Every structure is written in C-alpha cells, then in structure tokens.
Amino acid sequence: NMPVVLFAAPDAAPSKVQNALHQVQARGGISNMIVVGAEGDQEIEKYADKVELILVPKTVDCLQAILYIIPMQLLSYHLAVARDLNVDQPRSLAKSVTVQ
C-alpha cells in the first residue's frame, strides 16, 4: 500500500524510466503509483489510466527540474496537513541546515 513516486523527466534515460515502471507493475504496485512527467511525453501518457499522472509543462532543461519539484512540495504540504503536523516547524531542519 506504499505509494511509489516516479519522476519521468524527458532528459532522463528513457529506458531506465520504462524499466522502473515495468518493475513496479510486475510487483503489483502500479495502482499506488504517482508519475510526474512532462506534457507531450507519449511513453508516460499511455499509463494515464493505470497511475496517478501529474503532467508539468515542458521547458528548457535547466528549468525543468524546478517544475518537477513543485507538485512534490504541494504533496508533502498536504500530507503534513492531513497528519496534523505543523508545516511551519519541520522536524530535523536545524540538523540539515547547520551541517556543513
């Protein structure tokens, strides 16, 4: 029942993305899968009826990663709110920020 999140960037190795999709499908986890992909990526869009598909606009390579992070930031925010966690005071932030 653990959801699987897959970032299917158009610049990533397409064979590795397809392999990851097939591995999750073989283990029966495709129904709990969230795929973040670029608009117009036909390889990813053919899974639209099997997975939760989040499409982001396609842009230049150096900005594409920023667009992929936005849905995950929103997902983490809404999960924290659903679990009654304070989103303004994340745990272990001081450790990760001060370590150099």
# chains A, B, ... in the order shown; residues from 1 in each chain; ligands from 1

call {"tool": "residues_around", "arguments": {"residues": "Ile30 (chain A)", "least_positions_apart": "4", "cutoff": "7 Å", "atoms": "only C-alpha atoms", "output": "list in words"}}
result
Val24, Gln25, Lys50 and Val51 of chain A

call {"tool": "residues_around", "arguments": {"residues": "Gly37 (chain A)", "least_positions_apart": "6", "cutoff": "10 Å", "atoms": "only C-alpha atoms", "output": "PDB file with N, CA and C atoms, in the first residue's frame"}}
result
ATOM      1  N   LEU A   6       7.464   8.375  -9.168  1.00  0.00           N
ATOM      2  CA  LEU A   6       8.446   8.254 -10.232  1.00  0.00           C
ATOM      3  C   LEU A   6       8.528   9.567 -10.983  1.00  0.00           C
ATOM      4  N   PHE A   7       9.725  10.106 -11.068  1.00  0.00           N
ATOM      5  CA  PHE A   7       9.962  11.306 -11.864  1.00  0.00           C
ATOM      6  C   PHE A   7      10.419  10.856 -13.239  1.00  0.00           C
ATOM      7  N   ALA A   8       9.597  11.079 -14.235  1.00  0.00           N
ATOM      8  CA  ALA A   8       9.903  10.652 -15.598  1.00  0.00           C
ATOM      9  C   ALA A   8      10.301  11.872 -16.422  1.00  0.00           C
ATOM     10  N   ALA A   9      11.477  12.386 -16.144  1.00  0.00           N
ATOM     11  CA  ALA A   9      11.966  13.565 -16.856  1.00  0.00           C
ATOM     12  C   ALA A   9      12.284  13.200 -18.299  1.00  0.00           C
ATOM     13  N   PRO A  10      11.987  14.091 -19.232  1.00  0.00           N
ATOM     14  CA  PRO A  10      12.263  13.785 -20.640  1.00  0.00           C
ATOM     15  C   PRO A  10      13.757  13.668 -20.932  1.00  0.00           C
ATOM     16  N   GLU A  43       5.162   8.204 -24.047  1.00  0.00           N
ATOM     17  CA  GLU A  43       5.506   6.968 -23.332  1.00  0.00           C
ATOM     18  C   GLU A  43       4.890   6.956 -21.936  1.00  0.00           C
ATOM     19  N   ILE A  44       4.852   8.109 -21.287  1.00  0.00           N
ATOM     20  CA  ILE A  44       4.284   8.204 -19.943  1.00  0.00           C
ATOM     21  C   ILE A  44       2.766   8.313 -20.001  1.00  0.00           C
ATOM     22  N   GLU A  45       2.253   9.046 -20.989  1.00  0.00           N
ATOM     23  CA  GLU A  45       0.811   9.265 -21.071  1.00  0.00           C
ATOM     24  C   GLU A  45       0.029   7.986 -21.347  1.00  0.00           C
ATOM     25  N   LEU A  53      -1.225  10.432 -12.734  1.00  0.00           N
ATOM     26  CA  LEU A  53      -0.275  11.102 -13.611  1.00  0.00           C
ATOM     27  C   LEU A  53      -0.339  12.610 -13.388  1.00  0.00           C
ATOM     28  N   ILE A  54       0.809  13.198 -13.075  1.00  0.00           N
ATOM     29  CA  ILE A  54       0.923  14.647 -12.916  1.00  0.00           C
ATOM     30  C   ILE A  54       1.799  15.146 -14.051  1.00  0.00           C
ATOM     31  N   LEU A  55       1.226  15.961 -14.926  1.00  0.00           N
ATOM     32  CA  LEU A  55       1.972  16.481 -16.063  1.00  0.00           C
ATOM     33  C   LEU A  55       2.380  17.928 -15.805  1.00  0.00           C
ATOM     34  N   VAL A  56       3.637  18.210 -16.048  1.00  0.00           N
ATOM     35  CA  VAL A  56       4.153  19.567 -15.915  1.00  0.00           C
ATOM     36  C   VAL A  56       4.515  20.075 -17.300  1.00  0.00           C
ATOM     37  N   PRO A  57       4.469  21.393 -17.498  1.00  0.00           N
ATOM     38  CA  PRO A  57       4.822  21.921 -18.817  1.00  0.00           C
ATOM     39  C   PRO A  57       6.281  21.635 -19.163  1.00  0.00           C
ATOM     40  N   LYS A  58       6.523  21.425 -20.429  1.00  0.00           N
ATOM     41  CA  LYS A  58       7.892  21.193 -20.888  1.00  0.00           C
ATOM     42  C   LYS A  58       8.569  22.544 -21.096  1.00  0.00           C
ATOM     43  N   LEU A  67      10.209  22.651 -12.169  1.00  0.00           N
ATOM     44  CA  LEU A  67       8.804  22.331 -12.405  1.00  0.00           C
ATOM     45  C   LEU A  67       8.427  20.958 -11.855  1.00  0.00           C
ATOM     46  N   TYR A  68       9.381  20.041 -11.808  1.00  0.00           N
ATOM     47  CA  TYR A  68       9.100  18.715 -11.260  1.00  0.00           C
ATOM     48  C   TYR A  68       8.981  18.745  -9.743  1.00  0.00           C
TER      49      TYR A  68
END

call {"tool": "select_by_dssp", "arguments": {"residues": "region 15-51 of chain A", "states": "strand (DSSP E)", "output": "number ranges by chain"}}
result
A: 33-38

call {"tool": "write_last_selection", "arguments": {"atoms": "all heavy atoms", "output": "PDB file, in the first residue's frame"}}
result
ATOM      1  N   MET A  33       0.823   4.195  -7.741  1.00  0.00           N
ATOM      2  CA  MET A  33       1.956   4.912  -8.308  1.00  0.00           C
ATOM      3  C   MET A  33       1.575   6.322  -8.722  1.00  0.00           C
ATOM      4  O   MET A  33       0.509   6.558  -9.287  1.00  0.00           O
ATOM      5  CB  MET A  33       2.493   4.152  -9.511  1.00  0.00           C
ATOM      6  CG  MET A  33       3.808   4.629  -9.993  1.00  0.00           C
ATOM      7  SD  MET A  33       4.481   3.389 -11.101  1.00  0.00           S
ATOM      8  CE  MET A  33       6.126   3.962 -11.195  1.00  0.00           C
ATOM      9  N   ILE A  34       2.476   7.262  -8.413  1.00  0.00           N
ATOM     10  CA  ILE A  34       2.343   8.650  -8.835  1.00  0.00           C
ATOM     11  C   ILE A  34       3.497   8.922  -9.788  1.00  0.00           C
ATOM     12  O   ILE A  34       4.663   8.757  -9.421  1.00  0.00           O
ATOM     13  CB  ILE A  34       2.411   9.615  -7.642  1.00  0.00           C
ATOM     14  CG1 ILE A  34       1.309   9.308  -6.642  1.00  0.00           C
ATOM     15  CG2 ILE A  34       2.340  11.063  -8.115  1.00  0.00           C
ATOM     16  CD1 ILE A  34       1.455  10.036  -5.317  1.00  0.00           C
ATOM     17  N   VAL A  35       3.183   9.314 -11.014  1.00  0.00           N
ATOM     18  CA  VAL A  35       4.207   9.591 -12.020  1.00  0.00           C
ATOM     19  C   VAL A  35       4.157  11.072 -12.359  1.00  0.00           C
ATOM     20  O   VAL A  35       3.109  11.602 -12.718  1.00  0.00           O
ATOM     21  CB  VAL A  35       4.001   8.744 -13.289  1.00  0.00           C
ATOM     22  CG1 VAL A  35       5.047   9.083 -14.338  1.00  0.00           C
ATOM     23  CG2 VAL A  35       4.045   7.273 -12.963  1.00  0.00           C
ATOM     24  N   VAL A  36       5.294  11.729 -12.226  1.00  0.00           N
ATOM     25  CA  VAL A  36       5.423  13.133 -12.614  1.00  0.00           C
ATOM     26  C   VAL A  36       6.176  13.148 -13.934  1.00  0.00           C
ATOM     27  O   VAL A  36       7.322  12.715 -14.014  1.00  0.00           O
ATOM     28  CB  VAL A  36       6.186  13.951 -11.552  1.00  0.00           C
ATOM     29  CG1 VAL A  36       6.272  15.410 -11.972  1.00  0.00           C
ATOM     30  CG2 VAL A  36       5.516  13.825 -10.198  1.00  0.00           C
ATOM     31  N   GLY A  37       5.517  13.626 -14.985  1.00  0.00           N
ATOM     32  CA  GLY A  37       6.112  13.637 -16.316  1.00  0.00           C
ATOM     33  C   GLY A  37       5.823  14.935 -17.041  1.00  0.00           C
ATOM     34  O   GLY A  37       5.034  15.760 -16.586  1.00  0.00           O
ATOM     35  N   ALA A  38       6.455  15.086 -18.177  1.00  0.00           N
ATOM     36  CA  ALA A  38       6.285  16.296 -18.986  1.00  0.00           C
ATOM     37  C   ALA A  38       5.107  16.129 -19.946  1.00  0.00           C
ATOM     38  O   ALA A  38       4.824  15.034 -20.430  1.00  0.00           O
ATOM     39  CB  ALA A  38       7.556  16.590 -19.768  1.00  0.00           C
TER      40      ALA A  38
END

call {"tool": "select_by_dssp", "arguments": {"residues": "region 4-99 of chain A", "states": "alpha helix (DSSP H)", "output": "PyMOL selection string"}}
result
chain A and resi 14-26+42-45+61-82+93-98

call {"tool": "closest_residue", "arguments": {"among": "A:Asn1, A:Gln89, A:Gln18, A:Gln23", "to": "Lys46 (chain A)", "atoms": "only C-alpha atoms"}}
result
A:Gln18

call {"tool": "decode", "arguments": {"residues": "region 62-84 of chain A", "atoms": "N, CA and C atoms", "output": "tab-separated table (two decimals), in the first residue's frame"}}
result
chain	number	residue	atom	x	y	z
A	62	CYS	N	17.40	23.36	-18.10
A	62	CYS	CA	17.90	23.88	-16.82
A	62	CYS	C	16.77	24.29	-15.87
A	63	LEU	N	15.55	24.48	-16.35
A	63	LEU	CA	14.42	24.84	-15.50
A	63	LEU	C	13.45	23.68	-15.27
A	64	GLN	N	13.62	22.60	-15.99
A	64	GLN	CA	12.67	21.50	-15.90
A	64	GLN	C	12.61	20.90	-14.51
A	65	ALA	N	13.75	20.79	-13.84
A	65	ALA	CA	13.77	20.19	-12.50
A	65	ALA	C	12.94	21.01	-11.52
A	66	ILE	N	12.93	22.32	-11.66
A	66	ILE	CA	12.13	23.17	-10.77
A	66	ILE	C	10.64	22.84	-10.93
A	67	LEU	N	10.21	22.65	-12.17
A	67	LEU	CA	8.80	22.33	-12.41
A	67	LEU	C	8.43	20.96	-11.85
A	68	TYR	N	9.38	20.04	-11.81
A	68	TYR	CA	9.10	18.71	-11.26
A	68	TYR	C	8.98	18.75	-9.74
A	69	ILE	N	9.64	19.68	-9.10
A	69	ILE	CA	9.62	19.73	-7.63
A	69	ILE	C	8.32	20.33	-7.10
A	70	ILE	N	7.71	21.22	-7.84
A	70	ILE	CA	6.50	21.92	-7.35
A	70	ILE	C	5.39	20.94	-6.95
A	71	PRO	N	5.02	19.96	-7.78
A	71	PRO	CA	3.97	19.02	-7.33
A	71	PRO	C	4.36	18.24	-6.07
A	72	MET	N	5.63	17.93	-5.93
A	72	MET	CA	6.06	17.18	-4.74
A	72	MET	C	6.04	18.06	-3.49
A	73	GLN	N	6.35	19.34	-3.63
A	73	GLN	CA	6.23	20.25	-2.50
A	73	GLN	C	4.78	20.35	-2.05
A	74	LEU	N	3.86	20.44	-3.01
A	74	LEU	CA	2.44	20.50	-2.68
A	74	LEU	C	1.96	19.20	-2.05
A	75	LEU	N	2.44	18.07	-2.55
A	75	LEU	CA	2.08	16.79	-1.97
A	75	LEU	C	2.57	16.69	-0.53
A	76	SER	N	3.81	17.08	-0.27
A	76	SER	CA	4.33	17.00	1.09
A	76	SER	C	3.59	17.95	2.03
A	77	TYR	N	3.22	19.12	1.54
A	77	TYR	CA	2.45	20.06	2.35
A	77	TYR	C	1.10	19.45	2.74
A	78	HIS	N	0.37	18.92	1.75
A	78	HIS	CA	-0.96	18.39	2.03
A	78	HIS	C	-0.90	17.13	2.89
A	79	LEU	N	0.13	16.32	2.73
A	79	LEU	CA	0.29	15.16	3.60
A	79	LEU	C	0.55	15.59	5.04
A	80	ALA	N	1.36	16.62	5.22
A	80	ALA	CA	1.64	17.11	6.58
A	80	ALA	C	0.37	17.68	7.22
A	81	VAL	N	-0.40	18.42	6.45
A	81	VAL	CA	-1.65	18.97	6.98
A	81	VAL	C	-2.62	17.84	7.34
A	82	ALA	N	-2.70	16.82	6.49
A	82	ALA	CA	-3.60	15.69	6.76
A	82	ALA	C	-3.18	14.92	8.01
A	83	ARG	N	-1.90	14.92	8.32
A	83	ARG	CA	-1.41	14.20	9.51
A	83	ARG	C	-1.34	15.11	10.74
A	84	ASP	N	-1.86	16.32	10.64
A	84	ASP	CA	-1.86	17.30	11.74
A	84	ASP	C	-0.45	17.68	12.18
